[in-house]
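S.K.: Supplied structure: final.pdb, PDB, C-alpha atoms and all ligand atoms.
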```
ATOM      1  CA  MET A  16       4.748 -12.738  -4.994
ATOM      2  CA  ASN A  17       4.751  -9.101  -4.047
ATOM      3  CA  GLU A  18       4.729  -9.058  -0.240
ATOM      4  CA  GLU A  19       2.768  -5.829  -0.196
ATOM      5  CA  LYS A  20      -0.090  -7.459  -2.031
ATOM      6  CA  THR A  21      -3.388  -6.971  -0.264
ATOM      7  CA  TRP A  22      -6.613  -8.387  -1.581
ATOM      8  CA  LEU A  23      -9.921  -6.623  -1.677
ATOM      9  CA  TRP A  24     -12.517  -8.157   0.632
ATOM     10  CA  LEU A  25     -15.330  -5.724   0.130
ATOM     11  CA  ALA A  26     -17.882  -7.650  -1.948
ATOM     12  CA  ASP A  27     -19.695  -9.343   0.953
ATOM     13  CA  ASN A  28     -19.458 -12.508  -1.123
ATOM     14  CA  LEU A  29     -16.499 -14.804  -1.706
ATOM     15  CA  ALA A  30     -17.190 -15.434  -5.404
ATOM     16  CA  LEU A  31     -17.504 -11.705  -6.106
ATOM     17  CA  ASP A  32     -14.335 -11.022  -4.124
ATOM     18  CA  PHE A  33     -12.662 -13.505  -6.449
ATOM     19  CA  LEU A  34     -13.941 -11.570  -9.499
ATOM     20  CA  ASN A  35     -12.444  -8.442  -7.964
ATOM     21  CA  THR A  36      -8.917  -9.836  -8.334
ATOM     22  CA  LEU A  37      -9.158  -8.253 -11.792
ATOM     23  CA  LEU A  38      -9.634  -4.544 -11.285
ATOM     24  CA  ILE A  39      -8.988  -1.141 -12.778
ATOM     25  CA  ARG A  40      -6.037   0.813 -11.473
ATOM     26  CA  HIS A  41      -4.998   4.180 -12.910
ATOM     27  CA  GLY A  42      -7.566   3.700 -15.665
ATOM     28  CA  GLU A  43      -6.151   0.337 -16.833
ATOM     29  CA  PHE A  44      -7.361  -3.235 -16.300
ATOM     30  CA  THR A  45      -4.981  -4.713 -13.736
ATOM     31  CA  GLU A  46      -4.493  -8.424 -13.106
ATOM     32  CA  THR A  47      -3.532  -9.183  -9.497
ATOM     33  CA  LEU A  48      -3.103 -12.946  -9.928
ATOM     34  CA  HIS A  49       0.294 -13.440 -11.545
ATOM     35  CA  GLU A  50       1.503 -16.763 -10.194
ATOM     36  CA  ASP A  51       0.375 -19.868  -8.290
ATOM     37  CA  GLU A  52       1.549 -18.320  -5.031
ATOM     38  CA  ASP A  53      -0.873 -15.385  -5.496
ATOM     39  CA  VAL A  54      -3.779 -17.838  -5.784
ATOM     40  CA  ARG A  55      -2.640 -19.744  -2.675
ATOM     41  CA  HIS A  56      -2.321 -16.470  -0.789
ATOM     42  CA  TRP A  57      -5.812 -15.363  -1.857
ATOM     43  CA  LEU A  58      -7.324 -18.728  -0.849
ATOM     44  CA  ALA A  59      -5.585 -18.630   2.530
ATOM     45  CA  GLU A  60      -6.714 -15.053   3.199
ATOM     46  CA  GLY A  61     -10.232 -16.101   2.283
ATOM     47  CA  SER A  62      -9.968 -18.831   4.967
ATOM     48  CA  LEU A  63     -10.043 -21.574   2.340
ATOM     49  CA  VAL A  64      -7.731 -24.546   2.271
ATOM     50  CA  ALA A  65      -4.798 -23.407   0.173
ATOM     51  CA  GLU A  66      -2.381 -26.305   0.468
ATOM     52  CA  THR A  67      -2.303 -29.781  -0.966
ATOM     53  CA  ASP A  68      -0.244 -32.868  -0.173
ATOM     54  CA  ARG A  69       0.233 -33.581  -3.834
ATOM     55  CA  PRO A  70       2.588 -31.360  -5.787
ATOM     56  CA  ILE A  71       0.800 -29.326  -8.440
ATOM     57  CA  LYS A  72       2.664 -28.634 -11.661
ATOM     58  CA  ALA A  73       3.833 -25.027 -11.784
ATOM     59  CA  GLY A  74       1.350 -22.704 -13.442
ATOM     60  CA  LEU A  75      -1.645 -25.060 -13.231
ATOM     61  CA  LEU A  76      -3.204 -23.428 -10.178
ATOM     62  CA  LEU A  77      -2.978 -19.966 -11.723
ATOM     63  CA  ARG A  78      -4.406 -21.169 -15.033
ATOM     64  CA  ALA A  79      -7.306 -22.931 -13.337
ATOM     65  CA  ALA A  80      -7.977 -19.905 -11.095
ATOM     66  CA  VAL A  81      -8.205 -17.505 -14.046
ATOM     67  CA  GLU A  82     -10.398 -19.968 -15.992
ATOM     68  CA  LEU A  83     -12.754 -20.295 -13.024
ATOM     69  CA  ARG A  84     -12.797 -16.557 -12.358
ATOM     70  CA  GLU A  85     -13.712 -15.686 -15.931
ATOM     71  CA  ALA A  86     -16.408 -18.402 -15.999
ATOM     72  CA  ILE A  87     -17.866 -16.888 -12.805
ATOM     73  CA  ARG A  88     -17.699 -13.409 -14.361
ATOM     74  CA  ALA A  89     -19.581 -14.560 -17.475
ATOM     75  CA  ALA A  90     -22.161 -16.381 -15.332
ATOM     76  CA  VAL A  91     -22.721 -13.382 -13.044
ATOM     77  CA  GLN A  92     -23.049 -11.023 -16.016
ATOM     78  CA  ASP A  93     -25.451 -13.379 -17.811
ATOM     79  CA  ARG A  94     -27.538 -13.878 -14.673
ATOM     80  CA  LYS A  95     -27.596 -10.109 -14.126
ATOM     81  CA  GLN A  96     -28.784  -9.549 -17.718
ATOM     82  CA  GLY A  97     -31.382 -12.316 -17.426
ATOM     83  CA  ARG A  98     -29.569 -14.479 -19.993
ATOM     84  CA  GLU A  99     -29.000 -18.217 -19.879
ATOM     85  CA  VAL A 100     -25.938 -19.136 -17.798
ATOM     86  CA  ASP A 101     -23.256 -21.471 -19.155
ATOM     87  CA  THR A 102     -22.633 -23.897 -16.283
ATOM     88  CA  ALA A 103     -20.005 -26.163 -17.909
ATOM     89  CA  VAL A 104     -16.829 -24.763 -16.332
ATOM     90  CA  LEU A 105     -18.443 -24.217 -12.940
ATOM     91  CA  ASN A 106     -19.737 -27.787 -12.909
ATOM     92  CA  ARG A 107     -16.299 -29.104 -13.754
ATOM     93  CA  PHE A 108     -14.909 -27.401 -10.639
ATOM     94  CA  LEU A 109     -17.920 -28.374  -8.511
ATOM     95  CA  GLN A 110     -17.308 -32.036  -9.284
ATOM     96  CA  HIS A 111     -14.048 -31.707  -7.366
ATOM     97  CA  ARG A 112     -15.759 -30.395  -4.268
ATOM     98  CA  VAL A 113     -15.059 -33.100  -1.762
ATOM     99  CA  ALA A 114     -15.421 -32.178   1.865
ATOM    100  CA  ARG A 115     -15.818 -34.444   4.842
ATOM    101  CA  LEU A 116     -17.670 -32.908   7.719
ATOM    102  CA  HIS A 117     -16.288 -33.315  11.163
ATOM    103  CA  LEU A 118     -17.650 -32.150  14.526
ATOM    104  CA  ALA A 119     -14.751 -30.808  16.513
ATOM    105  CA  LYS A 120     -14.839 -30.117  20.223
ATOM    106  CA  GLN A 121     -14.112 -26.657  21.444
ATOM    107  CA  ARG A 122     -13.192 -25.428  24.876
ATOM    108  CA  GLY A 123     -15.868 -26.255  27.461
ATOM    109  CA  HIS A 124     -18.647 -28.239  25.816
ATOM    110  CA  GLY A 125     -18.704 -26.208  22.616
ATOM    111  CA  LEU A 126     -18.709 -27.821  19.200
ATOM    112  CA  THR A 127     -17.759 -26.553  15.800
ATOM    113  CA  LEU A 128     -18.384 -28.017  12.362
ATOM    114  CA  VAL A 129     -15.171 -28.351  10.383
ATOM    115  CA  GLU A 130     -14.857 -29.163   6.691
ATOM    116  CA  GLU A 131     -11.940 -31.444   5.963
ATOM    117  CA  HIS A 132     -10.795 -31.490   2.387
ATOM    118  CA  ALA A 133      -9.183 -34.377   0.653
ATOM    119  CA  THR A 134      -6.028 -32.664  -0.469
ATOM    120  CA  GLY A 135      -5.989 -33.114  -4.184
ATOM    121  CA  ASP A 136      -5.353 -31.074  -7.244
ATOM    122  CA  GLU A 137      -5.736 -27.451  -8.299
ATOM    123  CA  MET A 138      -9.398 -28.036  -9.210
ATOM    124  CA  GLU A 139     -10.142 -29.128  -5.673
ATOM    125  CA  LEU A 140      -8.298 -26.212  -4.113
ATOM    126  CA  LEU A 141     -10.495 -23.871  -6.153
ATOM    127  CA  SER A 142     -13.730 -25.827  -5.759
ATOM    128  CA  PRO A 143     -14.894 -23.854  -2.662
ATOM    129  CA  VAL A 144     -14.839 -20.725  -4.836
ATOM    130  CA  ALA A 145     -16.941 -22.520  -7.467
ATOM    131  CA  HIS A 146     -19.291 -23.561  -4.648
ATOM    132  CA  ALA A 147     -19.626 -19.957  -3.463
ATOM    133  CA  ALA A 148     -20.360 -18.874  -7.044
ATOM    134  CA  ALA A 149     -22.968 -21.625  -7.457
ATOM    135  CA  ARG A 150     -24.673 -20.584  -4.198
ATOM    136  CA  LEU A 151     -24.701 -16.985  -5.376
ATOM    137  CA  LEU A 152     -26.243 -17.931  -8.734
ATOM    138  CA  VAL A 153     -28.886 -20.099  -7.085
ATOM    139  CA  ASP A 154     -29.758 -18.113  -3.953
ATOM    140  CA  ALA A 155     -28.976 -14.435  -4.462
ATOM    141  CA  ASP A 156     -31.380 -11.700  -5.411
ATOM    142  CA  PHE A 157     -29.490 -10.338  -8.411
ATOM    143  CA  ASN A 158     -30.964  -6.870  -7.918
ATOM    144  CA  LEU A 159     -28.542  -6.778  -5.001
ATOM    145  CA  VAL A 160     -25.580  -8.108  -6.991
ATOM    146  CA  ARG A 161     -24.129  -4.978  -8.532
ATOM    147  CA  GLN A 162     -21.086  -3.389 -10.001
ATOM    148  CA  CYS A 163     -19.703  -0.238  -8.402
ATOM    149  CA  GLU A 164     -21.083   2.920 -10.022
ATOM    150  CA  GLY A 165     -17.648   4.546 -10.052
ATOM    151  CA  SER A 166     -16.876   5.653 -13.602
ATOM    152  CA  ALA A 167     -13.476   3.928 -13.645
ATOM    153  CA  CYS A 168     -14.375   0.915 -11.502
ATOM    154  CA  VAL A 169     -15.392  -2.646 -12.355
ATOM    155  CA  LEU A 170     -15.658  -4.094  -8.844
ATOM    156  CA  TRP A 171     -18.642  -6.261  -7.921
ATOM    157  CA  PHE A 172     -20.424  -6.519  -4.601
ATOM    158  CA  HIS A 173     -23.487  -8.013  -2.988
ATOM    159  CA  ASP A 174     -25.490  -5.280  -1.316
ATOM    160  CA  SER A 175     -26.154  -6.673   2.145
ATOM    161  CA  THR A 176     -26.998  -3.304   3.661
ATOM    162  CA  LYS A 177     -30.374  -2.927   5.360
ATOM    163  CA  ALA A 178     -31.561  -0.155   3.051
ATOM    164  CA  HIS A 179     -30.135  -1.860  -0.077
ATOM    165  CA  ARG A 180     -28.793   1.430  -1.351
ATOM    166  CA  ARG A 181     -25.124   0.515  -1.657
ATOM    167  CA  ARG A 182     -23.658   2.128  -4.793
ATOM    168  CA  TRP A 183     -19.912   1.948  -4.289
ATOM    169  CA  CYS A 184     -17.235  -0.667  -3.824
ATOM    170  CA  SER A 185     -16.030   1.530  -1.020
ATOM    171  CA  MET A 186     -17.055   4.937   0.319
ATOM    172  CA  ALA A 187     -13.383   5.728   0.917
ATOM    173  CA  THR A 188     -12.510   5.457  -2.787
ATOM    174  CA  CYS A 189     -15.290   5.570  -5.391
ATOM    175  CA  GLY A 190     -17.932   7.008  -3.038
ATOM    176  CA  ASN A 191     -15.643   9.829  -2.028
ATOM    177  CA  ARG A 192     -14.486  10.488  -5.605
ATOM    178  CA  HIS A 193     -18.137  10.809  -6.615
ATOM    179  CA  LYS A 194     -18.776  13.309  -3.831
ATOM    180  CA  VAL A 195     -15.803  15.423  -4.925
ATOM    181  CA  GLU A 196     -16.857  15.287  -8.618
ATOM    182  CA  ALA A 197     -20.440  16.179  -7.730
ATOM    183  CA  PHE A 198     -19.194  19.100  -5.646
ATOM    184  CA  ARG A 199     -16.940  20.284  -8.520
ATOM    185  CA  SER A 200     -19.699  20.134 -11.105
ATOM    186  CA  ARG A 201     -22.013  22.038  -8.737
ATOM    187  CA  SER A 202     -19.438  24.771  -8.206
ATOM    188  CA  GLN A 203     -18.787  24.974 -11.977
ATOM    189  CA  ILE A 204     -22.479  25.604 -12.534
ATOM    190  CA  THR A 205     -22.328  28.331  -9.915
ATOM    191  CA  GLU A 206     -19.258  29.862 -11.594
ATOM    192  CA  LYS A 207     -20.956  29.941 -14.975
ATOM    193  CA  LYS A 208     -23.831  32.032 -13.638
ATOM    194  CA  PRO A 209     -23.537  35.645 -14.810
ATOM    195  CA  LEU A 210     -22.518  37.968 -12.084
ATOM    196  CA  PRO A 211     -25.345  40.162 -10.876
ATOM    197  CA  LYS A 212     -25.095  43.602 -12.392
ATOM    198  CA  ARG A 213     -24.390  46.253  -9.875
ATOM    199  CA  PRO A 214     -24.662  49.939 -10.501
ATOM    200  CA  ILE A 215     -21.223  51.446 -11.014
ATOM    201  CA  PRO A 216     -20.625  53.633  -8.039
ATOM    202  CA  LYS A 217     -20.193  57.276  -8.950
ATOM    203  CA  LEU A 218     -17.019  58.788  -7.749
TER     204      LEU A 218
HETATM  205 ZN    ZN A 301     -15.604   1.356  -7.127
END
```
Rewrite the structure from the file as structure tokens, please.
M.R.:
Amino acid sequence: MNEEKTWLWLADNLALDFLNTLLIRHGEFTETLHEDEDVRHWLAEGSLVAETDRPIKAGLLLRAAVELREAIRAAVQDRKQGREVDTAVLNRFLQHRVARLHLAKQRGHGLTLVEEHATGDEMELLSPVAHAAARLLVDADFNLVRQCEGSACVLWFHDSTKAHRRRWCSMATCGNRHKVEAFRSRSQITEKKPLPKRPIPKL
């Protein structure tokens, strides 16, 4: 895995962040999941259990991750368009969601609720992502589930802002690019205006 790899965590939703592992860079669709290790790294960065006691055959985790991601993408798009959602793949992953709950003591008299996963196969490692997608499909207001308005951007996000006016994956990239383009097109309009005629000064 490329050590410089950094994942985008800007969607305000785990399932949408997972969709955003396929993005557009320099105008081209770019896959960021290339091997099992990339998937493990993404899961770990997303604070999900990424390891299993059982060895997983090379390539299986990546294949399952891409299958799940594209099923989530189709479901999100269908839900967004008001079409019927195909739940087959998501349900297959959800069936592997096994988590035992455990109250753990914290310093002082504090308690925290920990999910302990039976360490199993690649389907189980990915099942929390399927769970997040299922919650999104069931609970979310899909008016707030949107794709960035950037012309060369496919990133999804859940608009959790108070005013619900989020338009961009990030202000620093697409939001800023839009501002610059809007400024340019405004100044082009200004340039196209005929210059005011002035009387030629008599020498
Ligand atoms: Zn964007």
S.K.: Would you please work out which residue, of A:Ser185, A:Thr127, A:Ser200, A:Asn158, is nearest to ligand ZN 301 (chain A) when using only C-alpha atoms and all ligand atoms?
M.R.: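 For ligand ZN 301 (chain A), the nearest of the candidates is A:Ser185.
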S.K.: May I ask you to write as a PyMOL selection string all residues lying at most 8 Å from ligand ZN 301 (chain A), with all atoms listed in the file counted?
M.R.: chain A and resi 162-170+183-185+188-190
S.K.: Kindly indicate which residue among A:Thr102, A:Ile71, A:Leu159, A:Phe44 lies nearest to Ala86 of chain A, using only C-alpha atoms for the distances.
M.R.: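 For Ala86 of chain A, the nearest of the given residues is A:Thr102.
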S.K.: On this structure, the PyMOL selection byres (((chain A and resi 133-150) around 7) and not hetatm) would catch which residues? List them as a VMD selection string, sorted by chain and number.
M.R.: chain A and resid 29 to 30 64 to 65 67 to 69 71 75 to 76 79 to 80 87 105 108 to 109 111 to 114 131 to 132 151 to 154
S.K.: Provide the atom CA of Leu48 of chain A to atom CA of Ala73 of chain A distance in Å, to one decimal place.
M.R.: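 Those two atoms sit 14.1 Å apart.
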S.K.: Take the PyMOL selection byres (((chain A and resi 46) around 12) and not hetatm), apply it to the structure above, and return the hits as an mmCIF file with C-alpha atoms, in the coordinates of the input.
M.R.:
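Ended up saving to selection_14.cif:
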```
data_model
loop_
_atom_site.group_PDB
_atom_site.id
_atom_site.type_symbol
_atom_site.label_atom_id
_atom_site.label_comp_id
_atom_site.auth_asym_id
_atom_site.auth_seq_id
_atom_site.Cartn_x
_atom_site.Cartn_y
_atom_site.Cartn_z
ATOM 1 C CA LYS A 20 -0.090 -7.459 -2.031
ATOM 2 C CA TRP A 22 -6.613 -8.387 -1.581
ATOM 3 C CA PHE A 33 -12.662 -13.505 -6.449
ATOM 4 C CA LEU A 34 -13.941 -11.570 -9.499
ATOM 5 C CA ASN A 35 -12.444 -8.442 -7.964
ATOM 6 C CA THR A 36 -8.917 -9.836 -8.334
ATOM 7 C CA LEU A 37 -9.158 -8.253 -11.792
ATOM 8 C CA LEU A 38 -9.634 -4.544 -11.285
ATOM 9 C CA ILE A 39 -8.988 -1.141 -12.778
ATOM 10 C CA ARG A 40 -6.037 0.813 -11.473
ATOM 11 C CA GLU A 43 -6.151 0.337 -16.833
ATOM 12 C CA PHE A 44 -7.361 -3.235 -16.300
ATOM 13 C CA THR A 45 -4.981 -4.713 -13.736
ATOM 14 C CA THR A 47 -3.532 -9.183 -9.497
ATOM 15 C CA LEU A 48 -3.103 -12.946 -9.928
ATOM 16 C CA HIS A 49 0.294 -13.440 -11.545
ATOM 17 C CA GLU A 50 1.503 -16.763 -10.194
ATOM 18 C CA ASP A 53 -0.873 -15.385 -5.496
ATOM 19 C CA VAL A 54 -3.779 -17.838 -5.784
ATOM 20 C CA LEU A 77 -2.978 -19.966 -11.723
ATOM 21 C CA VAL A 81 -8.205 -17.505 -14.046
ATOM 22 C CA ARG A 84 -12.797 -16.557 -12.358
#
```
S.K.: For a test of reading the model, state the distance in Å between atom CA of Phe157 of chain A and atom CA of Lys177 of chain A, rounded to one decimal.
M.R.: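 Atom-to-atom, atom CA of Phe157 of chain A and atom CA of Lys177 of chain A are spaced 15.7 Å apart.
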S.K.: Between atom CA of Arg181 of chain A and atom CA of Arg98 of chain A, measure the distance and give it in Å to one decimal.
M.R.: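 Atom-to-atom, atom CA of Arg181 of chain A to atom CA of Arg98 of chain A, that is 24.1 Å.
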S.K.: Report as a list of chain:residue names the residues that result from applying the PyMOL selection byres (((chain A and resi 117-119) around 8) and not hetatm) to the structure here.
M.R.: A:Arg115, A:Leu116, A:Lys120, A:Gln121, A:Leu126, A:Thr127, A:Leu128, A:Val129, A:Glu130, A:Glu131
S.K.: From the set A:Glu60, A:Asp101, A:Asp51, A:Glu196, which residue has the shortest atom-to-atom contact distance to Asp32 of chain A, counting all atoms listed in the file?
M.R.: A:Glu60
S.K.: Please, can segment 89-104 of chain A be completed to N, CA, C and O atoms and returned as an mmCIF file, keeping the file's coordinate frame?
M.R.:
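The resulting file, rebuild.cif, is shown below:
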```cif
data_model
loop_
_atom_site.group_PDB
_atom_site.id
_atom_site.type_symbol
_atom_site.label_atom_id
_atom_site.label_comp_id
_atom_site.auth_asym_id
_atom_site.auth_seq_id
_atom_site.Cartn_x
_atom_site.Cartn_y
_atom_site.Cartn_z
ATOM 1 N N ALA A 89 -18.603 -14.416 -16.392
ATOM 2 C CA ALA A 89 -19.581 -14.560 -17.475
ATOM 3 C C ALA A 89 -20.935 -14.974 -16.899
ATOM 4 O O ALA A 89 -21.991 -14.448 -17.297
ATOM 5 N N ALA A 90 -20.907 -15.895 -15.922
ATOM 6 C CA ALA A 90 -22.161 -16.381 -15.332
ATOM 7 C C ALA A 90 -22.878 -15.263 -14.587
ATOM 8 O O ALA A 90 -24.105 -15.102 -14.713
ATOM 9 N N VAL A 91 -22.121 -14.483 -13.819
ATOM 10 C CA VAL A 91 -22.721 -13.382 -13.044
ATOM 11 C C VAL A 91 -23.314 -12.344 -14.001
ATOM 12 O O VAL A 91 -24.433 -11.871 -13.811
ATOM 13 N N GLN A 92 -22.548 -12.013 -15.054
ATOM 14 C CA GLN A 92 -23.049 -11.023 -16.016
ATOM 15 C C GLN A 92 -24.299 -11.528 -16.728
ATOM 16 O O GLN A 92 -25.273 -10.789 -16.898
ATOM 17 N N ASP A 93 -24.283 -12.808 -17.128
ATOM 18 C CA ASP A 93 -25.451 -13.379 -17.811
ATOM 19 C C ASP A 93 -26.673 -13.399 -16.885
ATOM 20 O O ASP A 93 -27.787 -13.068 -17.289
ATOM 21 N N ARG A 94 -26.440 -13.804 -15.658
ATOM 22 C CA ARG A 94 -27.538 -13.878 -14.673
ATOM 23 C C ARG A 94 -28.105 -12.477 -14.442
ATOM 24 O O ARG A 94 -29.315 -12.285 -14.362
ATOM 25 N N LYS A 95 -27.213 -11.513 -14.356
ATOM 26 C CA LYS A 95 -27.596 -10.109 -14.126
ATOM 27 C C LYS A 95 -28.437 -9.592 -15.303
ATOM 28 O O LYS A 95 -29.373 -8.827 -15.122
ATOM 29 N N GLN A 96 -28.070 -10.002 -16.515
ATOM 30 C CA GLN A 96 -28.784 -9.549 -17.718
ATOM 31 C C GLN A 96 -30.000 -10.427 -18.039
ATOM 32 O O GLN A 96 -30.650 -10.229 -19.063
ATOM 33 N N GLY A 97 -30.250 -11.431 -17.206
ATOM 34 C CA GLY A 97 -31.382 -12.316 -17.426
ATOM 35 C C GLY A 97 -31.162 -13.282 -18.579
ATOM 36 O O GLY A 97 -32.118 -13.770 -19.179
ATOM 37 N N ARG A 98 -29.878 -13.547 -18.906
ATOM 38 C CA ARG A 98 -29.569 -14.479 -19.993
ATOM 39 C C ARG A 98 -29.290 -15.867 -19.410
ATOM 40 O O ARG A 98 -29.035 -16.014 -18.208
ATOM 41 N N GLU A 99 -29.299 -16.847 -20.302
ATOM 42 C CA GLU A 99 -29.000 -18.217 -19.879
ATOM 43 C C GLU A 99 -27.536 -18.314 -19.434
ATOM 44 O O GLU A 99 -26.652 -17.740 -20.078
ATOM 45 N N VAL A 100 -27.296 -19.031 -18.342
ATOM 46 C CA VAL A 100 -25.938 -19.136 -17.798
ATOM 47 C C VAL A 100 -25.279 -20.418 -18.294
ATOM 48 O O VAL A 100 -25.882 -21.490 -18.259
ATOM 49 N N ASP A 101 -24.032 -20.298 -18.755
ATOM 50 C CA ASP A 101 -23.256 -21.471 -19.155
ATOM 51 C C ASP A 101 -22.633 -22.078 -17.889
ATOM 52 O O ASP A 101 -21.820 -21.447 -17.218
ATOM 53 N N THR A 102 -23.042 -23.290 -17.559
ATOM 54 C CA THR A 102 -22.633 -23.897 -16.283
ATOM 55 C C THR A 102 -21.467 -24.885 -16.437
ATOM 56 O O THR A 102 -21.027 -25.467 -15.441
ATOM 57 N N ALA A 103 -20.961 -25.070 -17.657
ATOM 58 C CA ALA A 103 -20.005 -26.163 -17.909
ATOM 59 C C ALA A 103 -18.741 -26.053 -17.048
ATOM 60 O O ALA A 103 -18.366 -27.014 -16.365
ATOM 61 N N VAL A 104 -18.096 -24.901 -17.077
ATOM 62 C CA VAL A 104 -16.829 -24.763 -16.332
ATOM 63 C C VAL A 104 -17.093 -24.864 -14.836
ATOM 64 O O VAL A 104 -16.387 -25.570 -14.098
#
```
